[in-house]
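*Asks:* This is work-v9.tsv, which holds TSV, C-alpha atoms:
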```
chain	number	residue	atom	x	y	z
A	228	MET	CA	-45.57	16.56	1.56
A	229	LYS	CA	-45.70	20.08	0.20
A	230	PRO	CA	-44.21	20.63	-3.28
A	231	LYS	CA	-41.50	22.93	-1.92
A	232	SER	CA	-40.55	20.41	0.76
A	233	LEU	CA	-40.53	17.59	-1.78
A	234	LEU	CA	-38.32	19.61	-4.10
A	235	PHE	CA	-35.93	20.39	-1.24
A	236	VAL	CA	-35.65	16.76	-0.17
A	237	SER	CA	-35.18	15.57	-3.75
A	238	GLY	CA	-32.54	18.21	-4.45
A	239	THR	CA	-30.67	17.48	-1.24
A	240	LEU	CA	-30.70	13.75	-1.92
A	241	ALA	CA	-29.49	14.24	-5.49
A	242	ILE	CA	-26.60	16.41	-4.36
A	243	ALA	CA	-25.65	14.03	-1.57
A	244	MET	CA	-25.73	11.04	-3.88
A	245	ALA	CA	-23.55	12.88	-6.38
A	246	LEU	CA	-21.00	13.57	-3.66
A	247	THR	CA	-20.57	9.85	-3.02
A	248	SER	CA	-18.80	9.56	-6.37
A	249	CYS	CA	-15.83	11.32	-4.74
A	250	ALA	CA	-15.06	8.17	-2.75
A	251	SER	CA	-13.26	6.19	-5.45
A	252	TYR	CA	-9.87	4.91	-6.56
A	253	SER	CA	-8.76	4.74	-10.18
A	254	ALA	CA	-5.07	4.53	-11.08
A	255	SER	CA	-3.30	3.59	-14.31
A	256	PRO	CA	-0.77	0.72	-14.48
A	257	LEU	CA	2.89	1.69	-14.40
A	258	CYS	CA	4.34	2.44	-17.83
A	259	ASN	CA	7.70	1.24	-19.09
A	260	PRO	CA	10.21	4.05	-19.73
A	261	SER	CA	10.83	5.17	-23.28
A	262	ALA	CA	13.36	3.35	-25.47
A	263	ASP	CA	15.53	6.48	-25.44
A	264	LEU	CA	15.77	6.45	-21.65
A	265	ILE	CA	16.62	2.75	-21.62
A	266	GLN	CA	19.31	3.30	-24.23
A	267	ILE	CA	21.14	5.96	-22.20
A	268	ALA	CA	20.56	4.26	-18.82
A	269	PRO	CA	23.47	2.92	-16.75
A	270	ARG	CA	24.32	-0.53	-18.10
A	271	ASN	CA	26.43	-3.29	-16.61
A	272	GLU	CA	26.87	-6.65	-18.39
A	273	GLY	CA	23.42	-6.71	-19.94
A	274	ILE	CA	21.60	-4.99	-17.07
A	275	SER	CA	20.01	-1.56	-17.59
A	276	VAL	CA	18.48	0.55	-14.82
A	277	VAL	CA	16.16	3.52	-15.35
A	278	SER	CA	14.86	5.67	-12.49
A	279	LYS	CA	12.04	8.22	-12.64
A	280	THR	CA	11.05	10.70	-9.94
A	281	PHE	CA	7.27	11.11	-9.85
A	282	THR	CA	5.76	14.55	-10.30
A	283	ARG	CA	2.38	15.56	-8.90
A	284	SER	CA	0.89	14.65	-12.28
A	285	ASP	CA	2.49	11.18	-12.15
A	286	CYS	CA	1.07	10.67	-8.64
A	287	ASP	CA	-2.43	11.55	-9.87
A	288	ARG	CA	-2.11	9.24	-12.87
A	289	PHE	CA	-0.44	6.18	-11.37
A	290	LEU	CA	-1.46	6.39	-7.70
A	291	ASP	CA	-4.66	8.50	-7.84
A	292	ARG	CA	-3.49	10.33	-4.73
A	293	ASP	CA	-1.13	13.24	-4.00
A	294	VAL	CA	1.37	11.32	-1.90
A	295	LEU	CA	3.86	14.19	-2.28
A	296	ALA	CA	1.59	16.37	-0.17
A	297	GLU	CA	1.74	13.71	2.54
A	298	GLY	CA	5.54	13.76	2.59
A	299	TYR	CA	6.48	10.86	0.31
A	300	GLN	CA	8.38	10.98	-2.99
A	301	PRO	CA	7.55	8.04	-5.29
A	302	VAL	CA	10.46	6.85	-7.43
A	303	GLN	CA	9.93	4.37	-10.25
A	304	ILE	CA	12.71	1.84	-10.81
A	305	TYR	CA	12.84	-0.10	-14.08
A	306	ILE	CA	15.43	-2.85	-14.53
A	307	GLN	CA	15.93	-4.65	-17.82
A	308	ASN	CA	17.85	-7.91	-17.52
A	309	ASP	CA	19.11	-8.88	-20.96
A	310	SER	CA	21.71	-11.25	-19.52
A	311	ASP	CA	21.55	-15.01	-18.92
A	312	LYS	CA	21.92	-14.62	-15.15
A	313	ASN	CA	19.60	-14.30	-12.17
A	314	TYR	CA	20.04	-11.16	-10.10
A	315	VAL	CA	18.78	-10.55	-6.58
A	316	PHE	CA	17.09	-7.20	-5.97
A	317	SER	CA	16.87	-6.06	-2.34
A	318	LEU	CA	15.46	-2.85	-0.92
A	319	ASN	CA	18.27	-2.65	1.62
A	320	ARG	CA	20.77	-2.34	-1.23
A	321	ILE	CA	19.36	1.02	-2.31
A	322	THR	CA	21.03	4.03	-0.69
A	323	LEU	CA	17.75	5.82	-0.01
A	324	PRO	CA	15.45	5.44	3.00
A	325	ILE	CA	12.30	3.63	1.90
A	326	ALA	CA	8.87	3.80	3.52
A	327	ARG	CA	6.55	0.83	3.57
A	328	PRO	CA	3.71	1.04	1.01
A	329	GLU	CA	1.20	0.28	3.79
A	330	GLU	CA	2.38	3.36	5.68
A	331	VAL	CA	1.99	5.59	2.62
A	332	ALA	CA	-1.40	4.12	1.71
A	333	GLU	CA	-2.70	4.77	5.21
A	334	LYS	CA	-1.77	8.45	4.89
A	335	VAL	CA	-3.84	8.91	1.73
A	336	HIS	CA	-6.87	6.82	2.67
A	337	THR	CA	-10.31	8.32	2.17
A	338	SER	CA	-11.60	9.17	5.66
A	339	THR	CA	-14.62	6.87	5.89
A	340	VAL	CA	-15.41	7.91	9.47
A	341	GLY	CA	-15.20	11.62	8.71
A	342	ARG	CA	-17.45	11.36	5.67
A	343	ALA	CA	-19.98	9.19	7.47
A	344	THR	CA	-20.06	11.60	10.42
A	345	GLY	CA	-20.79	14.52	8.09
A	346	TYR	CA	-23.71	12.69	6.55
A	347	GLY	CA	-24.88	11.44	9.94
A	348	VAL	CA	-25.32	14.92	11.34
A	349	GLY	CA	-27.36	15.89	8.29
A	350	ALA	CA	-29.39	12.69	8.49
A	351	ILE	CA	-30.65	13.66	11.94
A	352	ILE	CA	-32.26	16.72	10.37
A	353	LEU	CA	-33.07	15.24	6.97
A	354	TRP	CA	-33.55	11.46	6.82
A	355	PRO	CA	-32.76	11.02	3.06
A	356	LEU	CA	-29.12	11.79	3.88
A	357	ALA	CA	-28.92	8.43	5.65
A	358	ILE	CA	-28.99	6.68	2.27
A	359	PRO	CA	-25.91	8.34	0.76
A	360	ALA	CA	-24.19	7.98	4.15
A	361	ILE	CA	-24.47	4.21	3.83
A	362	VAL	CA	-23.52	4.19	0.15
A	363	ASP	CA	-20.57	6.50	0.67
A	364	GLY	CA	-19.31	4.50	3.63
A	365	ILE	CA	-19.23	1.37	1.49
A	366	LYS	CA	-17.61	3.17	-1.45
A	367	SER	CA	-14.97	4.74	0.78
A	368	SER	CA	-14.07	1.38	2.25
A	369	ASP	CA	-13.90	-0.19	-1.21
A	370	ALA	CA	-11.72	2.67	-2.47
A	371	ASN	CA	-9.31	2.24	0.43
A	372	ASP	CA	-9.09	-1.52	-0.19
A	373	ALA	CA	-8.38	-0.92	-3.89
A	374	LEU	CA	-5.73	1.67	-2.98
A	375	ASP	CA	-4.05	-0.70	-0.52
A	376	ASN	CA	-3.94	-3.51	-3.08
A	377	ASP	CA	-2.64	-1.28	-5.87
A	378	PHE	CA	0.08	0.34	-3.75
A	379	ALA	CA	1.22	-3.11	-2.59
A	380	ALA	CA	1.24	-4.46	-6.17
A	381	LYS	CA	3.25	-1.50	-7.53
A	382	ALA	CA	5.73	-1.24	-4.65
A	383	ALA	CA	9.18	-2.72	-5.07
A	384	ARG	CA	10.01	-5.76	-2.94
A	385	ASP	CA	12.93	-8.15	-2.54
A	386	GLN	CA	12.92	-10.61	-5.42
A	387	VAL	CA	14.94	-12.36	-8.10
A	388	ILE	CA	15.11	-10.77	-11.53
A	389	PHE	CA	15.29	-13.65	-13.98
A	390	PRO	CA	17.19	-13.71	-17.29
A	391	HIS	CA	15.59	-11.69	-20.11
A	392	SER	CA	12.92	-10.28	-17.81
A	393	ARG	CA	11.85	-6.84	-16.62
A	394	PHE	CA	11.41	-5.33	-13.18
A	395	ASN	CA	9.12	-2.30	-12.91
A	396	ALA	CA	8.10	-0.96	-9.50
A	397	ILE	CA	8.13	2.09	-7.24
A	398	ILE	CA	9.67	2.97	-3.91
A	399	PHE	CA	8.39	5.65	-1.52
A	400	VAL	CA	11.08	7.91	-0.10
A	401	PRO	CA	10.39	10.44	2.67
A	402	VAL	CA	10.50	13.85	0.96
A	403	HIS	CA	12.92	15.30	3.52
A	404	ALA	CA	15.45	12.54	2.75
A	405	TYR	CA	15.04	12.31	-1.01
A	406	GLN	CA	18.01	12.74	-3.37
A	407	ASN	CA	17.84	12.26	-7.13
A	408	SER	CA	21.22	10.47	-7.17
A	409	TYR	CA	21.61	7.16	-5.39
A	410	THR	CA	23.28	3.77	-5.65
A	411	LEU	CA	21.53	0.49	-6.39
A	412	THR	CA	23.31	-2.86	-6.06
A	413	LEU	CA	22.18	-6.14	-7.60
A	414	ILE	CA	23.67	-9.48	-6.58
A	415	ASP	CA	24.47	-12.27	-9.05
A	416	GLN	CA	22.52	-15.16	-7.54
A	417	ASP	CA	25.14	-17.77	-8.50
A	418	SER	CA	28.46	-16.00	-7.99
A	419	ARG	CA	27.20	-13.60	-5.28
A	420	GLN	CA	29.12	-10.84	-7.05
A	421	PRO	CA	27.60	-7.36	-6.80
A	422	LYS	CA	26.62	-5.22	-9.76
A	423	ILE	CA	26.68	-1.57	-8.67
A	424	PHE	CA	24.73	1.17	-10.46
A	425	ASN	CA	25.11	4.86	-9.74
A	426	ILE	CA	21.69	6.24	-10.63
A	427	THR	CA	20.48	9.72	-11.43
A	428	SER	CA	16.69	9.76	-11.40
A	429	ASN	CA	14.83	11.46	-14.23
A	430	GLY	CA	12.02	13.78	-13.23
```
Written as structure tokens, that's how I'd like the structure from this file.

*Replies:*
Amino acid sequence: MKPKSLLFVSGTLAIAMALTSCASYSASPLCNPSADLIQIAPRNEGISVVSKTFTRSDCDRFLDRDVLAEGYQPVQIYIQNDSDKNYVFSLNRITLPIARPEEVAEKVHTSTVGRATGYGVGAIILWPLAIPAIVDGIKSSDANDALDNDFAAKAARDQVIFPHSRFNAIIFVPVHAYQNSYTLTLIDQDSRQPKIFNITSNG
């Protein structure tokens, strides 16, 4: 192979391989709110509730994707149970419409097919592009799996909040229906009495 051709192939392959690094997923764990926010949060018989509306920066940090651009507003809900009682948390007792985490994750998936097609066209002309096409396809699939698992792990779900424990999760609200004030109701597992919190989300 001529030196110029070799240089072209090597350069093209290096660039293509570098592009595969774009297919990744790296998100930080959810943080607890500051002590100041917990102190001023709505409190009812030993239960404190803090709500935070995610910004674009929060989405990048904790979800590694701009879910706002896809029409979903993430809201973090932190509940501190300092009482001696079990409380039932249910998504249907929040006065906001909530999207399933699987639905949101699907919207922000890396397009494995689209990326592979782009490489495939180039590979017809220049065979070294077939290598990054394979690598990138695998990395894209792995990134989507990691995203799915992380969104599912961070998303709020129906559960019991035990005495002296903490609940820290997010809900995804369609942007068009989002309001920063909402009501959240917890149910005392033994007495079945409701504990109602009127929340104003911090942002």

*Asks:* Rounded to one decimal, what separation in Å do you get between CA of Leu318 (chain A) and CA of Ile397 (chain A)?

*Replies:*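 Calculated distance between CA of Leu318 (chain A) and CA of Ile397 (chain A) is 10.9 Å.
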
*Asks:* For each of A:Ala332, A:Ile423, A:Ala250, A:Ile414, take the minimum atom-to-atom distance to Glu297 (chain A), counting only C-alpha atoms, then give the residue where this is smallest.

*Replies:*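 Nearest candidate to Glu297 (chain A) out of A:Ala332, A:Ile423, A:Ala250, A:Ile414: A:Ala332.
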
*Asks:* Quick one: distance from CA of Thr282 (chain A) to CA of Lys366 (chain A) in Å, one decimal?

*Replies:*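 So the two atoms, CA of Thr282 (chain A) and CA of Lys366 (chain A), lie 27.5 Å apart.
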
*Asks:* Which of these residues is nearest to Thr322 (chain A), using all atoms listed in the file: A:Val294, A:Ile426, A:Ala396, A:Ala379?

*Replies:* A:Ile426

*Asks:* Do you know which residues are at most 9 Å from Ser284 (chain A) counting only C-alpha atoms, after dropping those on the same chain fewer than 4 positions away, and could you put them as a list of chain:residue names?

*Replies:*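 Near neighbours after the sequence-gap exclusion: A:Arg288, A:Phe289, A:Asp293.
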
*Asks:* What separation in Å, quoted to one decimal, exists between CA of Phe389 (chain A) and CA of Lys312 (chain A)?

*Replies:* 6.8 Å

*Asks:* From the options A:Asn429, A:Gln416, A:Ser338, A:Ser278, which residue's atoms come nearest to Phe316 (chain A), counting all atoms listed in the file?

*Replies:*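 Closest candidate: A:Gln416.
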
*Asks:* Leaving out Tyr299 (chain A) and any residue of its chain fewer than 5 positions from it, which residues lie within 7 Å of it when counting only C-alpha atoms, given as a compact mmCIF listing (two decimals) with C-alpha atoms, in the coordinates of the input?

*Replies:*
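Saved result, selection_33.txt, follows:
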```
# COMPACT_ATOMS: atom_id res chain seq x y z
CA VAL A 294 1.37 11.32 -1.90
CA PHE A 399 8.39 5.65 -1.52
CA VAL A 400 11.08 7.91 -0.10
CA PRO A 401 10.39 10.44 2.67
CA VAL A 402 10.50 13.85 0.96
```

*Asks:* List every protein, DNA or RNA residue that has at least one atom no more than 10 Å from (21.6, 8.9, -1.9) in the file's coordinates, counting all atoms listed in the file, and write the result as a PyMOL selection string.

*Replies:* chain A and resi 321-324+404-411+425-427

*Asks:* Pick from A:Arg270, A:Arg283, A:Asp311, A:Asn376: nearest to Ala296 (chain A), with all atoms listed in the file counted?

*Replies:*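 So, comparing all the options, the nearest one is A:Arg283.
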
*Asks:* Which residue, A:Ser418, A:Ser428, A:Thr337, A:Ser275, has the smallest gap to His391 (chain A) when you use only C-alpha atoms?

*Replies:* A:Ser275

*Asks:* Given the choices A:Ile398, A:Ile265, A:Leu295, A:Leu413, which gets closest to Ala383 (chain A) if the distance is worked out from all atoms listed in the file?

*Replies:*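 Answer, going by the shortest atom-to-atom distance: A:Ile398.
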
*Asks:* Might you pull out every residue within 8 Å of Arg292 (chain A), with only C-alpha atoms counted and same-chain residues fewer than 4 positions away left off, and present them as an mmCIF file with C-alpha atoms, keeping the file's coordinate frame?

*Replies:*
```
data_model
loop_
_atom_site.group_PDB
_atom_site.id
_atom_site.type_symbol
_atom_site.label_atom_id
_atom_site.label_comp_id
_atom_site.auth_asym_id
_atom_site.auth_seq_id
_atom_site.Cartn_x
_atom_site.Cartn_y
_atom_site.Cartn_z
ATOM 1 C CA CYS A 286 1.070 10.670 -8.640
ATOM 2 C CA ASP A 287 -2.430 11.550 -9.870
ATOM 3 C CA VAL A 335 -3.840 8.910 1.730
#
```

*Asks:* Quick one: residues within 8 Å of Leu264 (chain A), all atoms listed in the file counted, chain neighbours fewer than 4 positions away excluded, as a list in words?

*Replies:*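 With the cut-off at 8 Å, the set is Pro260, Ala268 and Val277 of chain A.
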
*Asks:* Can you rebuild region 267-292 of chain A with N, CA and C atoms and give it as a CSV table (one decimal), keeping the file's coordinate frame?

*Replies:*
```csv
chain,number,residue,atom,x,y,z
A,267,ILE,N,20.1,5.2,-22.9
A,267,ILE,CA,21.1,6.0,-22.2
A,267,ILE,C,21.3,5.6,-20.7
A,268,ALA,N,20.5,4.6,-20.2
A,268,ALA,CA,20.6,4.3,-18.8
A,268,ALA,C,21.9,3.6,-18.5
A,269,PRO,N,22.3,3.7,-17.2
A,269,PRO,CA,23.5,2.9,-16.8
A,269,PRO,C,23.3,1.4,-17.1
A,270,ARG,N,24.4,0.9,-17.6
A,270,ARG,CA,24.3,-0.5,-18.1
A,270,ARG,C,25.6,-1.3,-17.6
A,271,ASN,N,25.3,-2.5,-17.1
A,271,ASN,CA,26.4,-3.3,-16.6
A,271,ASN,C,26.2,-4.7,-17.0
A,272,GLU,N,27.0,-5.2,-18.0
A,272,GLU,CA,26.9,-6.6,-18.4
A,272,GLU,C,25.4,-7.1,-18.7
A,273,GLY,N,24.8,-6.3,-19.5
A,273,GLY,CA,23.4,-6.7,-19.9
A,273,GLY,C,22.3,-6.3,-19.0
A,274,ILE,N,22.6,-5.5,-18.0
A,274,ILE,CA,21.6,-5.0,-17.1
A,274,ILE,C,21.5,-3.5,-17.2
A,275,SER,N,20.3,-3.0,-17.5
A,275,SER,CA,20.0,-1.6,-17.6
A,275,SER,C,19.1,-1.1,-16.5
A,276,VAL,N,19.3,0.0,-15.9
A,276,VAL,CA,18.5,0.6,-14.8
A,276,VAL,C,18.0,2.0,-15.2
A,277,VAL,N,16.7,2.2,-15.1
A,277,VAL,CA,16.2,3.5,-15.4
A,277,VAL,C,15.4,3.9,-14.1
A,278,SER,N,15.6,5.2,-13.7
A,278,SER,CA,14.9,5.7,-12.5
A,278,SER,C,14.1,6.9,-12.9
A,279,LYS,N,12.9,7.0,-12.4
A,279,LYS,CA,12.0,8.2,-12.6
A,279,LYS,C,11.4,8.7,-11.3
A,280,THR,N,11.6,10.0,-11.1
A,280,THR,CA,11.0,10.7,-9.9
A,280,THR,C,9.7,11.2,-10.3
A,281,PHE,N,8.7,10.7,-9.6
A,281,PHE,CA,7.3,11.1,-9.8
A,281,PHE,C,7.0,12.6,-9.6
A,282,THR,N,6.3,13.2,-10.5
A,282,THR,CA,5.8,14.6,-10.3
A,282,THR,C,4.4,14.4,-9.7
A,283,ARG,N,3.8,15.6,-9.4
A,283,ARG,CA,2.4,15.6,-8.9
A,283,ARG,C,1.5,14.9,-9.9
A,284,SER,N,1.7,15.2,-11.2
A,284,SER,CA,0.9,14.6,-12.3
A,284,SER,C,1.0,13.1,-12.3
A,285,ASP,N,2.3,12.6,-12.2
A,285,ASP,CA,2.5,11.2,-12.2
A,285,ASP,C,1.8,10.5,-11.0
A,286,CYS,N,1.8,11.2,-9.8
A,286,CYS,CA,1.1,10.7,-8.6
A,286,CYS,C,-0.4,10.5,-8.9
A,287,ASP,N,-1.0,11.6,-9.5
A,287,ASP,CA,-2.4,11.6,-9.9
A,287,ASP,C,-2.7,10.4,-10.8
A,288,ARG,N,-1.9,10.2,-11.8
A,288,ARG,CA,-2.1,9.2,-12.9
A,288,ARG,C,-1.9,7.8,-12.4
A,289,PHE,N,-0.8,7.6,-11.7
A,289,PHE,CA,-0.4,6.2,-11.4
A,289,PHE,C,-0.8,5.7,-9.9
A,290,LEU,N,-1.1,6.7,-9.1
A,290,LEU,CA,-1.5,6.4,-7.7
A,290,LEU,C,-2.8,7.0,-7.3
A,291,ASP,N,-3.4,7.9,-8.1
A,291,ASP,CA,-4.7,8.5,-7.8
A,291,ASP,C,-4.7,9.2,-6.5
A,292,ARG,N,-3.6,9.6,-6.0
A,292,ARG,CA,-3.5,10.3,-4.7
A,292,ARG,C,-2.2,11.2,-4.7
```
